[in-house]
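Visitor: Quick one, model.csv (CSV, C-alpha atoms):
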```csv
chain,number,residue,atom,x,y,z
A,1,MET,CA,1.0,17.8,-3.3
A,2,GLY,CA,2.8,15.3,-5.4
A,3,VAL,CA,2.3,11.7,-4.2
A,4,THR,CA,6.0,11.0,-3.8
A,5,GLU,CA,6.3,13.9,-1.4
A,6,GLY,CA,3.0,13.0,0.2
A,7,VAL,CA,4.5,9.7,1.5
A,8,ASP,CA,6.4,11.1,4.4
A,9,LEU,CA,8.3,8.0,5.3
A,10,ILE,CA,9.0,5.0,3.1
A,11,PHE,CA,10.3,1.6,4.2
A,12,TYR,CA,12.1,-0.9,1.9
A,13,THR,CA,13.6,-4.3,2.6
A,14,PHE,CA,16.7,-6.0,1.2
A,15,ALA,CA,15.0,-9.4,1.6
A,16,LYS,CA,13.1,-9.4,-1.7
A,17,SER,CA,14.4,-7.8,-4.9
A,18,MET,CA,17.7,-7.0,-3.3
A,19,ALA,CA,18.1,-10.8,-2.4
A,20,SER,CA,19.9,-10.2,0.8
A,21,ILE,CA,19.0,-9.2,4.4
A,22,GLY,CA,18.5,-5.8,6.0
A,23,ALA,CA,16.3,-2.9,5.1
A,24,PHE,CA,16.1,0.9,5.1
A,25,VAL,CA,13.8,3.8,5.8
A,26,ALA,CA,13.9,7.1,3.9
A,27,GLY,CA,12.4,10.5,4.5
A,28,GLN,CA,13.3,14.0,5.4
A,29,GLU,CA,16.6,14.6,7.1
A,30,ALA,CA,15.5,15.7,10.6
A,31,VAL,CA,13.1,12.7,10.9
A,32,ILE,CA,15.8,10.2,9.7
A,33,GLU,CA,18.3,11.8,12.2
A,34,TYR,CA,15.6,11.4,14.9
A,35,LEU,CA,15.2,7.7,14.0
A,36,ARG,CA,19.0,7.2,13.9
A,37,TYR,CA,19.2,8.3,17.5
A,38,ASN,CA,15.9,6.8,18.8
A,39,MET,CA,15.1,3.5,17.1
A,40,ARG,CA,15.7,0.9,19.8
A,41,SER,CA,16.1,-2.0,17.3
A,42,GLN,CA,19.2,-0.2,15.9
A,43,ILE,CA,20.6,1.4,19.0
A,44,PHE,CA,20.6,-1.9,20.9
A,45,ALA,CA,21.8,-4.1,18.0
A,46,LYS,CA,25.1,-4.7,16.2
A,47,SER,CA,25.8,-2.9,13.0
A,48,LEU,CA,25.0,-4.5,9.6
A,49,PRO,CA,28.1,-6.6,8.7
A,50,MET,CA,30.3,-4.9,6.1
A,51,ALA,CA,29.9,-7.8,3.6
A,52,LEU,CA,26.1,-7.2,3.5
A,53,VAL,CA,26.7,-3.4,3.0
A,54,ILE,CA,29.1,-4.2,0.1
A,55,GLY,CA,26.7,-6.7,-1.3
A,56,ALA,CA,23.9,-4.2,-1.1
A,57,LEU,CA,25.9,-1.5,-3.0
A,58,LYS,CA,26.5,-4.0,-5.8
A,59,ARG,CA,22.9,-5.0,-6.0
A,60,LEU,CA,21.7,-1.4,-6.1
A,61,GLU,CA,24.2,-0.7,-8.9
A,62,LEU,CA,22.8,-3.6,-10.9
A,63,ILE,CA,19.2,-2.5,-10.3
A,64,ARG,CA,20.1,1.0,-11.5
A,65,ASN,CA,21.9,-0.1,-14.6
A,66,HIS,CA,19.8,-3.0,-15.8
A,67,PRO,CA,16.2,-2.0,-16.4
A,68,GLU,CA,15.8,-5.2,-18.4
A,69,TYR,CA,15.7,-7.3,-15.2
A,70,ARG,CA,12.4,-5.6,-14.3
A,71,GLU,CA,11.2,-5.9,-17.9
A,72,ASN,CA,11.9,-9.6,-17.9
A,73,LEU,CA,10.0,-9.9,-14.6
A,74,TRP,CA,7.0,-8.2,-16.1
A,75,THR,CA,7.1,-10.4,-19.2
A,76,ILE,CA,6.8,-13.4,-16.9
A,77,VAL,CA,4.1,-11.7,-14.7
A,78,ARG,CA,2.0,-10.9,-17.8
A,79,ALA,CA,2.3,-14.3,-19.3
A,80,LEU,CA,1.5,-16.1,-16.0
A,81,GLN,CA,-1.4,-13.8,-15.0
A,82,SER,CA,-3.1,-13.6,-18.4
A,83,GLY,CA,-2.5,-17.4,-18.9
A,84,LEU,CA,-4.2,-18.2,-15.6
A,85,ARG,CA,-7.1,-15.9,-16.3
A,86,GLU,CA,-7.6,-17.4,-19.7
A,87,LYS,CA,-7.9,-20.8,-18.2
A,88,GLY,CA,-10.6,-19.5,-15.8
A,89,PHE,CA,-8.5,-19.2,-12.6
A,90,ASN,CA,-9.4,-16.7,-10.0
A,91,ILE,CA,-6.3,-14.6,-9.3
A,92,GLY,CA,-8.1,-12.0,-7.2
A,93,THR,CA,-7.4,-8.3,-7.6
A,94,THR,CA,-3.6,-8.4,-8.0
A,95,GLU,CA,-2.0,-5.3,-9.7
A,96,SER,CA,1.6,-6.5,-9.1
A,97,PRO,CA,3.9,-9.5,-9.6
A,98,VAL,CA,2.4,-11.3,-6.6
A,99,THR,CA,0.0,-13.9,-8.1
A,100,PRO,CA,-2.5,-15.6,-5.8
A,101,VAL,CA,-4.6,-18.4,-7.2
A,102,PHE,CA,-7.9,-19.0,-5.2
A,103,LEU,CA,-9.4,-22.5,-5.2
A,104,ASN,CA,-12.3,-23.9,-3.2
A,105,GLY,CA,-11.5,-26.7,-0.8
A,106,GLN,CA,-10.8,-27.8,2.8
A,107,ILE,CA,-7.4,-28.2,4.5
A,108,PRO,CA,-7.1,-31.9,3.6
A,109,ASP,CA,-7.8,-31.0,-0.1
A,110,ALA,CA,-5.1,-28.4,0.2
A,111,THR,CA,-2.4,-30.8,1.5
A,112,ALA,CA,-3.3,-33.5,-1.0
A,113,LEU,CA,-3.3,-31.0,-3.8
A,114,THR,CA,0.1,-29.5,-2.8
A,115,PHE,CA,1.6,-33.0,-2.6
A,116,ASP,CA,0.3,-33.8,-6.1
A,117,LEU,CA,1.6,-30.5,-7.4
A,118,ARG,CA,5.1,-31.1,-6.0
A,119,GLU,CA,5.5,-34.8,-6.5
A,120,ASN,CA,3.7,-35.4,-9.8
A,121,HIS,CA,3.9,-32.0,-11.6
A,122,GLY,CA,7.2,-30.8,-10.1
A,123,VAL,CA,5.8,-27.4,-9.2
A,124,PHE,CA,6.6,-25.9,-5.8
A,125,CYS,CA,4.6,-22.9,-4.6
A,126,SER,CA,3.4,-21.5,-1.3
A,127,ILE,CA,0.1,-22.6,0.0
A,128,VAL,CA,-2.1,-20.5,2.3
A,129,VAL,CA,-5.2,-21.8,4.2
A,130,TYR,CA,-7.4,-20.7,7.1
A,131,PRO,CA,-6.9,-18.5,9.2
A,132,VAL,CA,-5.0,-16.4,6.7
A,133,VAL,CA,-7.8,-16.9,4.1
A,134,PRO,CA,-11.5,-17.8,4.9
A,135,LYS,CA,-12.4,-21.4,5.7
A,136,GLY,CA,-13.1,-23.3,2.5
A,137,VAL,CA,-10.6,-21.3,0.5
A,138,ILE,CA,-7.2,-22.6,-0.6
A,139,MET,CA,-4.7,-19.9,-1.8
A,140,LEU,CA,-1.7,-20.9,-3.8
A,141,ARG,CA,0.7,-18.0,-4.2
A,142,LEU,CA,3.1,-17.7,-7.1
A,143,ILE,CA,6.0,-15.2,-7.2
A,144,PRO,CA,7.2,-14.8,-10.7
A,145,THR,CA,10.8,-13.6,-11.2
A,146,ALA,CA,13.0,-12.2,-14.0
A,147,VAL,CA,14.8,-15.6,-14.3
A,148,HIS,CA,11.7,-17.7,-14.9
A,149,THR,CA,11.0,-18.6,-18.6
A,150,LEU,CA,7.8,-18.7,-20.7
A,151,GLU,CA,8.3,-22.5,-20.7
A,152,ASP,CA,8.2,-22.4,-16.9
A,153,VAL,CA,4.9,-20.5,-17.2
A,154,ARG,CA,3.4,-23.0,-19.6
A,155,GLN,CA,4.4,-26.0,-17.4
A,156,THR,CA,2.9,-24.4,-14.4
A,157,ILE,CA,-0.4,-23.4,-16.0
A,158,ALA,CA,-0.8,-27.0,-17.3
A,159,ALA,CA,-0.1,-28.3,-13.8
A,160,PHE,CA,-2.7,-26.0,-12.3
A,161,GLU,CA,-5.3,-27.1,-14.9
A,162,ALA,CA,-4.7,-30.7,-13.9
A,163,ILE,CA,-5.0,-30.1,-10.2
A,164,ALA,CA,-8.0,-27.9,-10.5
A,165,THR,CA,-9.8,-30.6,-12.5
A,166,LYS,CA,-9.0,-33.2,-9.8
A,167,LEU,CA,-10.1,-30.8,-7.1
A,168,ASP,CA,-13.4,-30.1,-8.9
A,169,LYS,CA,-14.1,-33.9,-9.1
A,170,GLY,CA,-13.4,-34.2,-5.4
A,171,LEU,CA,-10.6,-36.6,-6.0
A,172,TYR,CA,-8.3,-35.1,-3.3
A,173,SER,CA,-10.8,-35.6,-0.5
A,174,LYS,CA,-10.7,-39.3,-1.2
A,175,GLN,CA,-7.0,-39.8,-0.8
A,176,PRO,CA,-4.9,-39.4,2.3
A,177,ALA,CA,-2.3,-36.7,2.3
A,178,THR,CA,0.9,-38.5,2.7
A,179,ALA,CA,4.1,-36.5,3.0
B,180,MET,CA,-0.8,-23.9,34.6
B,181,ASP,CA,2.9,-24.2,34.0
B,182,ILE,CA,3.9,-22.2,30.9
B,183,PHE,CA,6.1,-24.9,29.4
B,184,ASP,CA,3.3,-27.5,29.9
B,185,ARG,CA,0.8,-25.2,28.2
B,186,VAL,CA,3.0,-24.5,25.1
B,187,SER,CA,4.1,-28.1,24.9
B,188,ALA,CA,0.4,-29.2,24.8
B,189,ASN,CA,-0.7,-26.5,22.4
B,190,ARG,CA,1.8,-25.6,19.7
B,191,GLY,CA,-0.2,-22.9,18.1
B,192,PRO,CA,-2.3,-22.6,14.9
B,193,LEU,CA,0.5,-23.8,12.6
B,194,GLY,CA,2.6,-25.7,15.1
B,195,SER,CA,-0.3,-28.0,15.9
B,196,HIS,CA,0.0,-29.4,12.3
B,197,SER,CA,3.8,-29.9,12.6
B,198,HIS,CA,3.6,-33.7,13.3
B,199,TYR,CA,2.6,-34.3,9.6
B,200,ALA,CA,3.6,-31.0,8.0
B,201,HIS,CA,7.1,-30.4,9.2
B,202,GLY,CA,9.7,-30.7,6.5
B,203,TYR,CA,7.1,-30.9,3.7
B,204,PHE,CA,4.4,-28.2,4.0
B,205,THR,CA,6.3,-26.3,6.7
B,206,PHE,CA,10.0,-25.8,6.9
B,207,PRO,CA,10.7,-27.5,3.5
B,208,LYS,CA,14.3,-27.5,2.3
B,209,LEU,CA,15.0,-26.2,-1.1
B,210,GLU,CA,18.5,-27.1,-2.2
B,211,GLY,CA,20.9,-26.2,-4.9
B,212,GLU,CA,21.6,-22.7,-6.3
B,213,ILE,CA,18.8,-20.1,-6.0
B,214,ASN,CA,17.0,-20.5,-9.4
B,215,PRO,CA,13.5,-21.3,-10.7
B,216,ARG,CA,14.6,-25.0,-10.7
B,217,MET,CA,15.8,-26.3,-7.3
B,218,LEU,CA,15.8,-29.6,-5.5
B,219,PHE,CA,13.1,-30.6,-3.0
B,220,ARG,CA,13.7,-33.9,-1.3
B,221,GLY,CA,16.1,-34.8,-4.1
B,222,LYS,CA,13.7,-34.1,-7.0
B,223,GLU,CA,13.8,-31.1,-9.2
B,224,VAL,CA,10.9,-28.7,-8.8
B,225,LEU,CA,9.9,-25.5,-10.6
B,226,THR,CA,9.9,-23.0,-7.7
B,227,TRP,CA,7.5,-20.0,-7.4
B,228,SER,CA,8.1,-19.3,-3.7
B,229,LEU,CA,11.0,-17.0,-3.7
B,230,ASN,CA,10.8,-13.2,-3.7
B,231,ASN,CA,13.9,-13.1,-5.9
B,232,TYR,CA,11.9,-10.7,-8.2
B,233,LEU,CA,14.9,-9.5,-10.3
B,234,GLY,CA,16.9,-12.7,-10.2
B,235,LEU,CA,19.8,-11.1,-8.3
B,236,ALA,CA,20.1,-13.9,-5.7
B,237,ASN,CA,22.3,-16.0,-7.9
B,238,HIS,CA,23.7,-13.3,-10.2
B,239,PRO,CA,27.4,-13.9,-10.8
B,240,GLU,CA,28.4,-10.3,-10.0
B,241,VAL,CA,26.3,-10.4,-6.8
B,242,ARG,CA,27.9,-13.7,-5.7
B,243,GLN,CA,31.3,-12.3,-6.4
B,244,ALA,CA,30.7,-9.1,-4.4
B,245,ASP,CA,29.3,-11.1,-1.5
B,246,ALA,CA,32.4,-13.4,-1.5
B,247,ASP,CA,34.8,-10.5,-1.9
B,248,GLY,CA,33.2,-8.6,1.0
B,249,ALA,CA,33.3,-11.6,3.3
B,250,ALA,CA,36.9,-12.4,2.3
B,251,HIS,CA,38.1,-8.9,2.9
B,252,TYR,CA,36.1,-8.0,6.1
B,253,GLY,CA,34.9,-11.3,7.5
B,254,MET,CA,31.4,-11.3,8.9
B,255,ALA,CA,32.2,-9.5,12.2
B,256,TYR,CA,33.3,-6.1,11.1
B,257,PRO,CA,32.2,-3.5,12.2
B,258,MET,CA,31.7,-4.5,15.8
B,259,GLY,CA,29.1,-3.0,18.1
B,260,ALA,CA,26.0,-0.8,17.4
B,261,ARG,CA,26.6,2.0,14.9
B,262,ILE,CA,25.9,4.6,17.6
B,263,MET,CA,28.8,3.2,19.7
B,264,SER,CA,31.5,1.7,17.5
B,265,GLY,CA,29.9,0.1,14.4
B,266,ASN,CA,29.7,2.9,11.9
B,267,SER,CA,31.6,3.0,8.6
B,268,THR,CA,32.0,5.1,5.5
B,269,LEU,CA,30.5,2.4,3.4
B,270,HIS,CA,27.4,2.2,5.6
B,271,GLU,CA,26.9,6.0,5.1
B,272,GLN,CA,27.6,5.7,1.4
B,273,LEU,CA,25.0,3.0,1.0
B,274,GLU,CA,22.5,5.2,2.9
B,275,ASN,CA,23.2,8.1,0.6
B,276,GLU,CA,22.8,6.0,-2.5
B,277,LEU,CA,19.6,4.5,-1.3
B,278,ALA,CA,18.2,7.9,-0.4
B,279,ASP,CA,19.0,9.2,-3.9
B,280,PHE,CA,17.5,6.2,-5.5
B,281,VAL,CA,14.2,6.6,-3.8
B,282,HIS,CA,14.2,10.4,-4.2
B,283,LYS,CA,14.2,11.2,-0.5
B,284,PRO,CA,16.7,13.5,1.3
B,285,ALA,CA,18.0,10.9,3.8
B,286,ALA,CA,17.9,7.2,4.6
B,287,LEU,CA,18.7,5.0,7.6
B,288,LEU,CA,19.9,1.4,7.3
B,289,LEU,CA,18.1,-1.3,9.3
B,290,ASN,CA,19.4,-4.7,10.2
B,291,PHE,CA,16.0,-6.5,9.8
B,292,GLY,CA,12.8,-5.4,8.1
B,293,TYR,CA,10.4,-6.8,10.6
B,294,GLN,CA,12.2,-5.3,13.6
B,295,GLY,CA,12.8,-2.1,11.7
B,296,VAL,CA,9.2,-1.4,11.1
B,297,VAL,CA,8.2,-2.3,14.6
B,298,SER,CA,10.8,0.0,15.9
B,299,ILE,CA,10.1,2.9,13.5
B,300,ILE,CA,6.5,3.0,14.7
B,301,ASP,CA,7.6,2.7,18.3
B,302,ALA,CA,10.0,5.6,18.0
B,303,LEU,CA,7.7,7.9,16.1
B,304,VAL,CA,4.5,8.0,18.2
B,305,SER,CA,3.8,9.2,21.7
B,306,ARG,CA,0.8,8.3,23.8
B,307,HIS,CA,-0.9,11.5,22.6
B,308,ASP,CA,-0.8,10.4,19.0
B,309,ALA,CA,-3.2,8.3,17.1
B,310,ILE,CA,-2.4,5.6,14.5
B,311,VAL,CA,-4.7,4.8,11.6
B,312,TYR,CA,-3.7,1.7,9.6
B,313,ASP,CA,-4.9,-0.8,6.9
B,314,ALA,CA,-6.4,-4.0,8.2
B,315,GLU,CA,-4.3,-6.2,5.9
B,316,SER,CA,-1.0,-4.7,7.0
B,317,HIS,CA,2.0,-7.0,7.4
B,318,ALA,CA,2.7,-8.4,10.9
B,319,CYS,CA,5.5,-5.9,11.4
B,320,ILE,CA,3.1,-3.0,11.2
B,321,ILE,CA,0.5,-4.8,13.4
B,322,ASP,CA,3.2,-5.5,16.0
B,323,GLY,CA,4.5,-2.0,15.9
B,324,VAL,CA,1.0,-0.7,16.5
B,325,ARG,CA,0.7,-3.1,19.4
B,326,LEU,CA,3.5,-1.2,21.1
B,327,HIS,CA,1.7,2.1,20.8
B,328,GLN,CA,0.3,3.4,24.1
B,329,GLY,CA,-2.2,5.7,22.5
B,330,LYS,CA,-5.3,5.1,20.4
B,331,ARG,CA,-5.3,3.2,17.1
B,332,PHE,CA,-7.9,3.0,14.4
B,333,VAL,CA,-8.0,0.3,11.7
B,334,PHE,CA,-9.7,0.7,8.3
B,335,PRO,CA,-10.8,-2.2,6.1
B,336,HIS,CA,-8.1,-3.0,3.4
B,337,ASN,CA,-7.8,-0.2,0.9
B,338,ASP,CA,-11.2,1.3,1.9
B,339,ILE,CA,-10.7,5.0,1.6
B,340,GLU,CA,-14.1,6.0,2.7
B,341,SER,CA,-13.6,4.1,5.9
B,342,LEU,CA,-10.1,5.5,6.3
B,343,GLU,CA,-11.7,9.0,6.2
B,344,LYS,CA,-14.1,8.0,8.9
B,345,GLN,CA,-11.3,6.8,11.1
B,346,LEU,CA,-9.3,10.0,10.3
B,347,GLU,CA,-12.3,11.9,11.6
B,348,ARG,CA,-12.3,10.0,14.8
B,349,ALA,CA,-8.5,10.3,15.1
B,350,LYS,CA,-8.8,14.0,14.6
B,351,ARG,CA,-11.4,14.4,17.3
B,352,LEU,CA,-9.1,12.5,19.7
B,353,THR,CA,-5.9,14.3,18.8
B,354,ASP,CA,-7.6,17.7,19.0
B,355,GLU,CA,-8.1,16.9,22.7
B,356,THR,CA,-4.7,15.3,23.4
B,357,GLY,CA,-2.7,17.7,21.2
B,358,GLY,CA,-1.1,14.8,19.5
B,359,GLY,CA,-0.7,14.0,15.8
B,360,ILE,CA,-1.9,11.3,13.4
B,361,LEU,CA,0.2,8.6,11.7
B,362,VAL,CA,-1.4,6.7,8.8
B,363,ILE,CA,0.3,3.4,7.9
B,364,THR,CA,-0.2,1.2,4.9
B,365,GLU,CA,1.7,-0.8,2.3
B,366,GLY,CA,2.8,0.0,-1.2
B,367,MET,CA,2.3,-3.5,-2.5
B,368,PHE,CA,0.5,-6.1,-0.4
B,369,GLY,CA,2.5,-9.4,-0.4
B,370,MET,CA,-0.5,-11.7,-0.1
B,371,SER,CA,-3.1,-10.3,-2.5
B,372,GLY,CA,-0.7,-8.4,-4.8
B,373,ASN,CA,-3.0,-5.3,-4.4
B,374,LEU,CA,-1.3,-1.9,-4.4
B,375,GLY,CA,-2.0,0.5,-1.6
B,376,LYS,CA,-4.2,3.4,-2.7
B,377,LEU,CA,-1.5,5.9,-2.0
B,378,ARG,CA,-2.8,8.6,-4.4
B,379,GLU,CA,-6.2,8.6,-2.7
B,380,ILE,CA,-4.6,8.6,0.8
B,381,VAL,CA,-2.3,11.5,0.0
B,382,LYS,CA,-5.3,13.4,-1.4
B,383,LEU,CA,-6.9,13.2,2.1
B,384,LYS,CA,-4.0,15.4,3.3
B,385,GLU,CA,-6.0,18.3,1.8
B,386,LYS,CA,-8.7,17.7,4.5
B,387,TYR,CA,-6.8,16.2,7.4
B,388,SER,CA,-3.4,16.7,9.0
B,389,PHE,CA,-1.4,13.5,9.2
B,390,ARG,CA,1.9,11.9,8.4
B,391,LEU,CA,2.0,8.9,6.0
B,392,PHE,CA,4.3,5.9,6.6
B,393,VAL,CA,4.4,3.3,3.8
B,394,ASP,CA,5.9,-0.2,3.9
B,395,ASP,CA,6.8,-0.8,0.2
B,396,ALA,CA,8.9,-3.9,0.9
B,397,HIS,CA,7.6,-5.8,-2.2
B,398,GLY,CA,7.7,-2.6,-4.4
B,399,PHE,CA,11.4,-2.1,-4.4
B,400,GLY,CA,12.7,-2.7,-8.0
B,401,THR,CA,9.5,-4.4,-9.1
B,402,LEU,CA,7.0,-1.7,-10.0
B,403,GLY,CA,7.2,1.1,-12.6
B,404,PRO,CA,7.1,1.7,-16.3
B,405,PRO,CA,9.5,0.1,-18.7
B,406,GLY,CA,12.9,1.7,-19.0
B,407,PRO,CA,15.5,2.8,-16.5
B,408,ALA,CA,14.4,2.3,-12.9
B,409,GLN,CA,12.3,5.2,-11.8
B,410,PRO,CA,13.7,6.3,-8.5
B,411,SER,CA,10.5,7.1,-6.7
B,412,ILE,CA,7.8,5.5,-4.7
B,413,TRP,CA,7.4,2.5,-6.9
B,414,ALA,CA,3.9,1.6,-5.6
B,415,LEU,CA,2.6,4.8,-7.2
B,416,ARG,CA,3.8,3.6,-10.6
B,417,ARG,CA,1.8,0.9,-12.2
B,418,ALA,CA,3.7,-1.0,-14.8
```
Step by step, read the file and then write its structure as structure tokens.
Guide:
Amino acid sequence: MGVTEGVDLIFYTFAKSMASIGAFVAGQEAVIEYLRYNMRSQIFAKSLPMALVIGALKRLELIRNHPEYRENLWTIVRALQSGLREKGFNIGTTESPVTPVFLNGQIPDATALTFDLRENHGVFCSIVVYPVVPKGVIMLRLIPTAVHTLEDVRQTIAAFEAIATKLDKGLYSKQPATA
Amino acid sequence: MDIFDRVSANRGPLGSHSHYAHGYFTFPKLEGEINPRMLFRGKEVLTWSLNNYLGLANHPEVRQADADGAAHYGMAYPMGARIMSGNSTLHEQLENELADFVHKPAALLLNFGYQGVVSIIDALVSRHDAIVYDAESHACIIDGVRLHQGKRFVFPHNDIESLEKQLERAKRLTDETGGGILVITEGMFGMSGNLGKLREIVKLKEKYSFRLFVDDAHGFGTLGPPGPAQPSIWALRRA
């Protein structure tokens, strides 16, 4: 059995690459018809507004006709991930654009470090702490996109080196996190 | 204890930090057009927090299509649920184009991803069925599984040996109930960036009878070899 056929039902969202809101599920006709008549979240909810439908058609057309967007995305992904690895960062086991950076520290370190990253290095990324990751682990998550530049990557890796050095020296534990 | 007293005193794992975190670490406001460089508290920041993978959010043709759609139809049309009064030719056209794009015979539009996945799981399984799912699945899968009135079995993230053990247990159970087995995982896991081991899971169909439901929310448009978008299950195609 081919793998594509082996996935019986596949779900995709419009909230990420499609840069909108909404989603869809795809599969064999009888099953999709069953869902159309039995999914309570759709039967008891208003239809997706037409403007979103028209917007989704345009986005899909662009994705179909512009493979270079995805190629640009991967240029940034490769530069970011190889750059971080070369500088000794632990980016886990990612095989996709999602780029987690794992650091060791407590929650007060995490808040002080995030503050430093935003205020002094001008880098804004998501931060994840316990209970999503184990105690003592700080995860910074980077989402590269097709519209980032290689200069953005260089600036970010330099900023990460600076904060990692401070974290290793225990400097964040000594300062209060002031937002 | 009064419910409102309890929730006012304990705001939950994240909410309990809100007194210092709100507006900065939680609920920050990124302002300006959606780009890598946006404004945070009036200062420019280089932003790596948006799942705008292909850069479509601020694409001029996208902005124009959104504006034209809203100008022509407003944000109300069509009114009501699709089953009652809210269907349209363009909704159906979008479904057909999406189905073609992902190489599946049919597609169904959903208003929201989270609710959609919860509701798909809820609609699919009966109490005689068993669900087997990856431990690092997104909240929408976990919450869909919570609605299930039959048995559920969880396997450690991407651990195929353990999945097989759980399939064995699920098989013994469904042999008794007469139900079926639904395996649920993700194509691309949004926290770790790991890909679901779909090839290995599909291979298990040679030994076990089950249906496979994959949430590939992050995979849409991001994975695949260079060149024209490969309309397929992207998570299977490593770049």
Visitor: Identify which of the residues B:Trp227, B:Phe334, B:Phe219, B:Phe206 lies closest to chain A, counting all atoms listed in the file when measuring atom-to-atom distances.
Guide: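 Under the stated criterion, the closest residue is B:Trp227.
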Visitor: Compare A:Ala26, A:Val133, A:Ala159, A:Arg78 by their minimum atom-to-atom distance to Glu315 of chain B, counting only C-alpha atoms, and give me the closest one.
Guide: A:Val133
Visitor: When distances are computed from only C-alpha atoms, which of B:Gln272, B:Ser197, B:Thr401, B:Ser264 shows the smallest separation from Tyr232 of chain B?
Guide: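 When distances to Tyr232 of chain B are compared using only C-alpha atoms, the smallest one comes from B:Thr401.
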Visitor: Which one is closest to chain B: A:Thr145, A:Asn90, A:Gln81, A:Thr156? Count all atoms listed in the file.
Guide: A:Thr145
Visitor: Any idea what's packed within 10 Å of Ala260 of chain B, counting only C-alpha atoms, ignoring anything in its chain fewer than 2 positions away? Could you give it as a compact mmCIF listing (two decimals) with C-alpha atoms, keeping the file's coordinate frame?
Guide:
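Here's the written file part01.txt:
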```txt
# COMPACT_ATOMS: atom_id res chain seq x y z
CA SER A 41 16.10 -2.00 17.30
CA GLN A 42 19.20 -0.20 15.90
CA ILE A 43 20.60 1.40 19.00
CA PHE A 44 20.60 -1.90 20.90
CA ALA A 45 21.80 -4.10 18.00
CA LYS A 46 25.10 -4.70 16.20
CA SER A 47 25.80 -2.90 13.00
CA LEU A 48 25.00 -4.50 9.60
CA PRO B 257 32.20 -3.50 12.20
CA MET B 258 31.70 -4.50 15.80
CA ILE B 262 25.90 4.60 17.60
CA MET B 263 28.80 3.20 19.70
CA SER B 264 31.50 1.70 17.50
CA GLY B 265 29.90 0.10 14.40
CA ASN B 266 29.70 2.90 11.90
```
Visitor: I need the chain B residues near chain A as a VMD selection string; criterion: at most 6 Å, counting all atoms listed in the file.
Guide: chain B and resid 215 224 to 228 230 to 234 236 244 to 245 248 to 249 254 256 259 to 261 265 283 to 292 298 302 371 to 373 378 381 391 to 396 406 to 408 412
Visitor: Quick one: pull the distance between atom CA of Arg220 of chain B and atom CA of Glu161 of chain A, Å, one decimal.
Guide: 24.3 Å
Visitor: If you measure from atom CA of Leu377 of chain B to atom CA of Leu402 of chain B, what distance in Å do you get, rounded to one decimal?
Guide: 13.9 Å
Visitor: Would you work out the distance separating atom CA of Leu84 of chain A from atom CA of Ile157 of chain A, expressed in Å to one decimal?
Guide: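 So the two atoms, atom CA of Leu84 of chain A and atom CA of Ile157 of chain A, lie 6.5 Å apart.
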Visitor: (-1.8, 9.9, 20.1) in this file's frame - what residues fall within 10 Å of it? Use all atoms listed in the file and give the answer as a short mmCIF file (atom, residue, chain, number, x, y, z; two decimals) with C-alpha atoms, in the frame of the given file.
Guide:
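The resulting file, point-v6.cif, is shown below:
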```cif
data_model
loop_
_atom_site.label_atom_id
_atom_site.label_comp_id
_atom_site.auth_asym_id
_atom_site.auth_seq_id
_atom_site.Cartn_x
_atom_site.Cartn_y
_atom_site.Cartn_z
CA VAL B 304 4.50 8.00 18.20
CA SER B 305 3.80 9.20 21.70
CA ARG B 306 0.80 8.30 23.80
CA HIS B 307 -0.90 11.50 22.60
CA ASP B 308 -0.80 10.40 19.00
CA ALA B 309 -3.20 8.30 17.10
CA ILE B 310 -2.40 5.60 14.50
CA HIS B 327 1.70 2.10 20.80
CA GLN B 328 0.30 3.40 24.10
CA GLY B 329 -2.20 5.70 22.50
CA LYS B 330 -5.30 5.10 20.40
CA ARG B 331 -5.30 3.20 17.10
CA ALA B 349 -8.50 10.30 15.10
CA LYS B 350 -8.80 14.00 14.60
CA LEU B 352 -9.10 12.50 19.70
CA THR B 353 -5.90 14.30 18.80
CA ASP B 354 -7.60 17.70 19.00
CA GLU B 355 -8.10 16.90 22.70
CA THR B 356 -4.70 15.30 23.40
CA GLY B 357 -2.70 17.70 21.20
CA GLY B 358 -1.10 14.80 19.50
CA GLY B 359 -0.70 14.00 15.80
CA ILE B 360 -1.90 11.30 13.40
CA LEU B 361 0.20 8.60 11.70
#
```
Visitor: Counting all atoms listed in the file, I want the residues whose atoms come within 7 Å of (-7.1, -2.9, 5.0) in the file frame, returned as a short mmCIF file (atom, residue, chain, number, x, y, z; two decimals) with C-alpha atoms, in the coordinates of the input.
Guide:
```cif
data_model
loop_
_atom_site.label_atom_id
_atom_site.label_comp_id
_atom_site.auth_asym_id
_atom_site.auth_seq_id
_atom_site.Cartn_x
_atom_site.Cartn_y
_atom_site.Cartn_z
CA ASP B 313 -4.90 -0.80 6.90
CA ALA B 314 -6.40 -4.00 8.20
CA GLU B 315 -4.30 -6.20 5.90
CA SER B 316 -1.00 -4.70 7.00
CA PHE B 334 -9.70 0.70 8.30
CA PRO B 335 -10.80 -2.20 6.10
CA HIS B 336 -8.10 -3.00 3.40
CA ASN B 337 -7.80 -0.20 0.90
CA ASP B 338 -11.20 1.30 1.90
#
```
